[in-house]
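*Asks:* The structure file structure-v9.pdb (PDB, C-alpha atoms) is provided below.
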```
ATOM      1  CA  MET A   1       0.000   0.000   0.000
ATOM      2  CA  PRO A   2       1.628   3.254  -1.085
ATOM      3  CA  GLU A   3      -0.159   5.160   1.709
ATOM      4  CA  LEU A   4       1.969   3.324   4.270
ATOM      5  CA  VAL A   5       5.345   4.125   2.703
ATOM      6  CA  ALA A   6       7.042   7.077   4.388
ATOM      7  CA  GLU A   7       9.378   9.356   2.487
ATOM      8  CA  SER A   8      12.652  10.236   4.149
ATOM      9  CA  HIS A   9      12.884  13.516   6.016
ATOM     10  CA  THR A  10      15.445  15.466   7.996
ATOM     11  CA  LEU A  11      14.651  17.440  11.119
ATOM     12  CA  LEU A  12      16.585  20.423  12.405
ATOM     13  CA  ASP A  13      16.294  21.095  16.155
ATOM     14  CA  LEU A  14      18.502  23.514  18.084
ATOM     15  CA  GLU A  15      18.820  24.447  21.736
ATOM     16  CA  PHE A  16      21.189  26.845  23.476
ATOM     17  CA  THR A  17      21.417  27.016  27.267
ATOM     18  CA  LEU A  18      23.135  29.571  29.477
ATOM     19  CA  ARG A  19      24.024  28.359  32.978
ATOM     20  CA  PRO A  20      26.353  30.505  35.107
ATOM     21  CA  THR A  21      29.025  28.530  36.971
ATOM     22  CA  ASP A  22      28.105  30.138  40.301
ATOM     23  CA  GLY A  23      24.356  30.490  39.712
ATOM     24  CA  ASN A  24      21.307  28.338  40.302
ATOM     25  CA  TRP A  25      19.394  29.394  37.184
ATOM     26  CA  THR A  26      19.361  28.607  33.466
ATOM     27  CA  ILE A  27      17.885  30.227  30.406
ATOM     28  CA  SER A  28      17.437  28.333  27.143
ATOM     29  CA  ALA A  29      16.337  29.251  23.639
ATOM     30  CA  TYR A  30      15.098  26.406  21.472
ATOM     31  CA  GLY A  31      13.720  25.670  18.026
ATOM     32  CA  ARG A  32      12.066  22.456  16.868
ATOM     33  CA  ASN A  33      11.500  21.396  13.262
ATOM     34  CA  LEU A  34      13.135  24.622  12.044
ATOM     35  CA  SER A  35      12.829  23.630   8.379
ATOM     36  CA  ASP A  36       9.060  23.199   8.940
ATOM     37  CA  GLU A  37       9.187  19.670   7.516
ATOM     38  CA  ARG A  38       5.734  18.079   7.160
ATOM     39  CA  TYR A  39       5.510  14.314   7.544
ATOM     40  CA  PHE A  40       3.063  11.788   8.905
ATOM     41  CA  VAL A  41       3.702  10.656  12.480
ATOM     42  CA  SER A  42       0.760   8.257  12.435
ATOM     43  CA  THR A  43      -1.377   6.750   9.671
ATOM     44  CA  ASN A  44      -4.349   4.447   9.451
ATOM     45  CA  VAL A  45      -5.775   2.821   6.348
ATOM     46  CA  SER A  46      -9.160   1.177   6.693
ATOM     47  CA  ARG A  47     -10.042  -1.898   4.686
ATOM     48  CA  PHE A  48     -13.024   0.152   3.481
ATOM     49  CA  GLY A  49     -10.747   2.704   1.838
ATOM     50  CA  PRO A  50     -10.509   5.905   3.937
ATOM     51  CA  PHE A  51      -7.032   7.105   4.827
ATOM     52  CA  HIS A  52      -6.309   8.934   8.084
ATOM     53  CA  GLY A  53      -3.003  10.555   8.995
ATOM     54  CA  ILE A  54      -1.625  12.845  11.683
ATOM     55  CA  TYR A  55       1.025  15.335  10.626
ATOM     56  CA  SER A  56       4.124  16.307  12.568
ATOM     57  CA  PRO A  57       4.055  19.458  14.702
ATOM     58  CA  PRO A  58       4.928  22.631  12.787
ATOM     59  CA  ARG A  59       7.989  24.789  13.435
ATOM     60  CA  THR A  60       8.053  25.806  17.092
ATOM     61  CA  TYR A  61      10.425  27.947  19.092
ATOM     62  CA  GLY A  62      10.589  29.515  22.503
ATOM     63  CA  VAL A  63      12.507  30.401  25.632
ATOM     64  CA  ARG A  64      12.686  28.497  28.930
ATOM     65  CA  PHE A  65      13.853  29.740  32.295
ATOM     66  CA  GLY A  66      14.675  27.467  35.217
ATOM     67  CA  ILE A  67      15.750  27.759  38.851
ATOM     68  CA  GLU A  68      17.226  25.010  41.040
ATOM     69  CA  PHE A  69      16.366  25.132  44.740
TER      70      PHE A  69
END
```
Translate the structure described by the file into structure tokens.
*Replies:*
Amino acid sequence: MPELVAESHTLLDLEFTLRPTDGNWTISAYGRNLSDERYFVSTNVSRFGPFHGIYSPPRTYGVRFGIEF
């Protein structure tokens, strides 16, 4: 079934973290799926014909801050 054959894809994820040597905090900037690659993460083909698929998450990015107690 051609619906079940996945094409190859490459993902680009990056994360940078700043953690001071004498501090108890961190700050991170991250990006996931930076090339905005679309691919199926799950598929289902019914014997009656309908095809159902769930796509990968789109490009996401953000900042995280953390404190250790």
*Asks:* I'd like the contact shell of Leu11 (chain A) - 9 Å cut-off, all atoms listed in the file, skipping same-chain residues fewer than 6 positions apart - returned as a list in words.
*Replies:*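 Non-adjacent residues within range: Arg32, Asn33, Leu34, Ser35, Asp36 and Glu37 of chain A.
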*Asks:* For Ile67 (chain A), which residue among A:Leu12, A:Ile27, A:Asp22, A:Ala6 is the nearest when counting all atoms listed in the file?
*Replies:*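 Once distances to Ile67 (chain A) are computed over all atoms listed in the file, the minimum belongs to A:Ile27.
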*Asks:* When you draw a straight line from CA of Asp13 (chain A) to CA of Phe40 (chain A), how long is it in Å?
*Replies:*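 About the pair CA of Asp13 (chain A) and CA of Phe40 (chain A): they are 17.7 Å apart.
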*Asks:* Enclose all atoms of region 60-69 of chain A listed in the file in an axis-aligned box, grow every side by 4 Å, and hand back centre and edge lengths in Å to one decimal, as lines of an AutoDock Vina configuration file.
*Replies:*
```
center_x = 12.6
center_y = 27.7
center_z = 30.9
size_x = 17.2
size_y = 13.4
size_z = 35.6
```
*Asks:* Could you check which of A:Val45, A:Arg38, A:Glu68, A:His52 is closest to His9 (chain A), using all atoms listed in the file?
*Replies:*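 Nearest candidate to His9 (chain A) out of A:Val45, A:Arg38, A:Glu68, A:His52: A:Arg38.
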*Asks:* How many Å lie between CA of Tyr61 (chain A) and CA of Ala29 (chain A), rounded to one decimal?
*Replies:*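 Answer for the CA of Tyr61 (chain A) to CA of Ala29 (chain A) separation: 7.6 Å.
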*Asks:* Just the number, please: distance in Å from CA of Gly62 (chain A) to CA of Ser28 (chain A), one decimal.
*Replies:*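 Going from CA of Gly62 (chain A) over to CA of Ser28 (chain A) covers 8.4 Å.
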*Asks:* Name the residues that the PyMOL selection byres ((chain A and resi 53) around 8) picks from the file above, as number ranges by chain, using the file's chain letters and numbers.
*Replies:* A: 40-44, 51-52, 54-55
*Asks:* Can you tell me, as number ranges by chain, what residues are no more than 10 Å from Trp25 (chain A) when counting only C-alpha atoms, ignoring any on the same chain fewer than 4 positions away?
*Replies:* A: 18-21, 65-69
*Asks:* The selected residues should be written to file as a short mmCIF file (atom, residue, chain, number, x, y, z; two decimals), keeping the file's coordinate frame (atoms: C-alpha atoms).
*Replies:*
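Result file again-v1.cif:
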```
data_model
loop_
_atom_site.label_atom_id
_atom_site.label_comp_id
_atom_site.auth_asym_id
_atom_site.auth_seq_id
_atom_site.Cartn_x
_atom_site.Cartn_y
_atom_site.Cartn_z
CA LEU A 18 23.14 29.57 29.48
CA ARG A 19 24.02 28.36 32.98
CA PRO A 20 26.35 30.50 35.11
CA THR A 21 29.02 28.53 36.97
CA PHE A 65 13.85 29.74 32.30
CA GLY A 66 14.68 27.47 35.22
CA ILE A 67 15.75 27.76 38.85
CA GLU A 68 17.23 25.01 41.04
CA PHE A 69 16.37 25.13 44.74
#
```
*Asks:* Report as a compact mmCIF listing (two decimals) with C-alpha atoms, in the frame of the given file all protein, DNA and RNA residues lying within 10 Å of Tyr30 (chain A), evaluated on only C-alpha atoms, omitting residues in the same chain fewer than 6 positions from it.
*Replies:*
```txt
# COMPACT_ATOMS: atom_id res chain seq x y z
CA ASP A 13 16.29 21.10 16.16
CA LEU A 14 18.50 23.51 18.08
CA GLU A 15 18.82 24.45 21.74
CA PHE A 16 21.19 26.84 23.48
CA THR A 17 21.42 27.02 27.27
CA THR A 60 8.05 25.81 17.09
CA TYR A 61 10.42 27.95 19.09
CA GLY A 62 10.59 29.52 22.50
CA VAL A 63 12.51 30.40 25.63
CA ARG A 64 12.69 28.50 28.93
```
*Asks:* Output region 26-45 of chain A with N, CA, C and O atoms present, as a PDB file, keeping the file's coordinate frame.
*Replies:*
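Output (out_18.pdb):
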```pdb
ATOM      1  N   THR A  26      19.022  28.827  34.875  1.00  0.00           N
ATOM      2  CA  THR A  26      19.361  28.607  33.466  1.00  0.00           C
ATOM      3  C   THR A  26      18.353  29.344  32.601  1.00  0.00           C
ATOM      4  O   THR A  26      17.209  29.581  33.008  1.00  0.00           O
ATOM      5  N   ILE A  27      18.792  29.695  31.422  1.00  0.00           N
ATOM      6  CA  ILE A  27      17.885  30.227  30.406  1.00  0.00           C
ATOM      7  C   ILE A  27      18.245  29.548  29.094  1.00  0.00           C
ATOM      8  O   ILE A  27      19.420  29.394  28.763  1.00  0.00           O
ATOM      9  N   SER A  28      17.231  29.083  28.382  1.00  0.00           N
ATOM     10  CA  SER A  28      17.437  28.333  27.143  1.00  0.00           C
ATOM     11  C   SER A  28      16.563  28.910  26.037  1.00  0.00           C
ATOM     12  O   SER A  28      15.425  29.309  26.283  1.00  0.00           O
ATOM     13  N   ALA A  29      17.106  28.932  24.845  1.00  0.00           N
ATOM     14  CA  ALA A  29      16.337  29.251  23.639  1.00  0.00           C
ATOM     15  C   ALA A  29      16.337  27.992  22.783  1.00  0.00           C
ATOM     16  O   ALA A  29      17.365  27.325  22.643  1.00  0.00           O
ATOM     17  N   TYR A  30      15.182  27.641  22.241  1.00  0.00           N
ATOM     18  CA  TYR A  30      15.098  26.406  21.472  1.00  0.00           C
ATOM     19  C   TYR A  30      14.269  26.609  20.203  1.00  0.00           C
ATOM     20  O   TYR A  30      13.450  27.519  20.107  1.00  0.00           O
ATOM     21  N   GLY A  31      14.503  25.740  19.252  1.00  0.00           N
ATOM     22  CA  GLY A  31      13.720  25.670  18.026  1.00  0.00           C
ATOM     23  C   GLY A  31      13.556  24.221  17.629  1.00  0.00           C
ATOM     24  O   GLY A  31      14.518  23.450  17.663  1.00  0.00           O
ATOM     25  N   ARG A  32      12.361  23.827  17.289  1.00  0.00           N
ATOM     26  CA  ARG A  32      12.066  22.456  16.868  1.00  0.00           C
ATOM     27  C   ARG A  32      11.520  22.473  15.437  1.00  0.00           C
ATOM     28  O   ARG A  32      10.730  23.353  15.091  1.00  0.00           O
ATOM     29  N   ASN A  33      11.947  21.524  14.655  1.00  0.00           N
ATOM     30  CA  ASN A  33      11.500  21.396  13.262  1.00  0.00           C
ATOM     31  C   ASN A  33      11.675  22.735  12.532  1.00  0.00           C
ATOM     32  O   ASN A  33      10.757  23.257  11.909  1.00  0.00           O
ATOM     33  N   LEU A  34      12.879  23.287  12.587  1.00  0.00           N
ATOM     34  CA  LEU A  34      13.135  24.622  12.044  1.00  0.00           C
ATOM     35  C   LEU A  34      12.948  24.709  10.535  1.00  0.00           C
ATOM     36  O   LEU A  34      12.681  25.789  10.014  1.00  0.00           O
ATOM     37  N   SER A  35      13.070  23.608   9.828  1.00  0.00           N
ATOM     38  CA  SER A  35      12.829  23.630   8.379  1.00  0.00           C
ATOM     39  C   SER A  35      11.350  23.462   8.052  1.00  0.00           C
ATOM     40  O   SER A  35      10.972  23.443   6.887  1.00  0.00           O
ATOM     41  N   ASP A  36      10.512  23.357   9.080  1.00  0.00           N
ATOM     42  CA  ASP A  36       9.060  23.199   8.940  1.00  0.00           C
ATOM     43  C   ASP A  36       8.697  22.009   8.054  1.00  0.00           C
ATOM     44  O   ASP A  36       7.825  22.077   7.197  1.00  0.00           O
ATOM     45  N   GLU A  37       9.409  20.916   8.273  1.00  0.00           N
ATOM     46  CA  GLU A  37       9.187  19.670   7.516  1.00  0.00           C
ATOM     47  C   GLU A  37       7.835  19.069   7.902  1.00  0.00           C
ATOM     48  O   GLU A  37       7.511  18.954   9.075  1.00  0.00           O
ATOM     49  N   ARG A  38       7.032  18.703   6.912  1.00  0.00           N
ATOM     50  CA  ARG A  38       5.734  18.079   7.160  1.00  0.00           C
ATOM     51  C   ARG A  38       5.835  16.596   6.808  1.00  0.00           C
ATOM     52  O   ARG A  38       6.227  16.236   5.709  1.00  0.00           O
ATOM     53  N   TYR A  39       5.489  15.754   7.771  1.00  0.00           N
ATOM     54  CA  TYR A  39       5.510  14.314   7.544  1.00  0.00           C
ATOM     55  C   TYR A  39       4.467  13.676   8.458  1.00  0.00           C
ATOM     56  O   TYR A  39       4.047  14.269   9.455  1.00  0.00           O
ATOM     57  N   PHE A  40       4.041  12.501   8.092  1.00  0.00           N
ATOM     58  CA  PHE A  40       3.063  11.788   8.905  1.00  0.00           C
ATOM     59  C   PHE A  40       3.749  11.147  10.104  1.00  0.00           C
ATOM     60  O   PHE A  40       4.756  10.463   9.959  1.00  0.00           O
ATOM     61  N   VAL A  41       3.192  11.341  11.291  1.00  0.00           N
ATOM     62  CA  VAL A  41       3.702  10.656  12.480  1.00  0.00           C
ATOM     63  C   VAL A  41       2.855   9.436  12.791  1.00  0.00           C
ATOM     64  O   VAL A  41       3.272   8.555  13.524  1.00  0.00           O
ATOM     65  N   SER A  42       1.651   9.391  12.233  1.00  0.00           N
ATOM     66  CA  SER A  42       0.760   8.257  12.435  1.00  0.00           C
ATOM     67  C   SER A  42      -0.187   8.167  11.243  1.00  0.00           C
ATOM     68  O   SER A  42      -0.663   9.186  10.751  1.00  0.00           O
ATOM     69  N   THR A  43      -0.435   6.951  10.777  1.00  0.00           N
ATOM     70  CA  THR A  43      -1.377   6.750   9.671  1.00  0.00           C
ATOM     71  C   THR A  43      -2.268   5.551   9.960  1.00  0.00           C
ATOM     72  O   THR A  43      -1.924   4.673  10.750  1.00  0.00           O
ATOM     73  N   ASN A  44      -3.407   5.549   9.312  1.00  0.00           N
ATOM     74  CA  ASN A  44      -4.349   4.447   9.451  1.00  0.00           C
ATOM     75  C   ASN A  44      -5.094   4.294   8.138  1.00  0.00           C
ATOM     76  O   ASN A  44      -5.679   5.246   7.634  1.00  0.00           O
ATOM     77  N   VAL A  45      -5.052   3.112   7.582  1.00  0.00           N
ATOM     78  CA  VAL A  45      -5.775   2.821   6.348  1.00  0.00           C
ATOM     79  C   VAL A  45      -6.814   1.763   6.664  1.00  0.00           C
ATOM     80  O   VAL A  45      -6.489   0.677   7.121  1.00  0.00           O
TER      81      VAL A  45
END
```
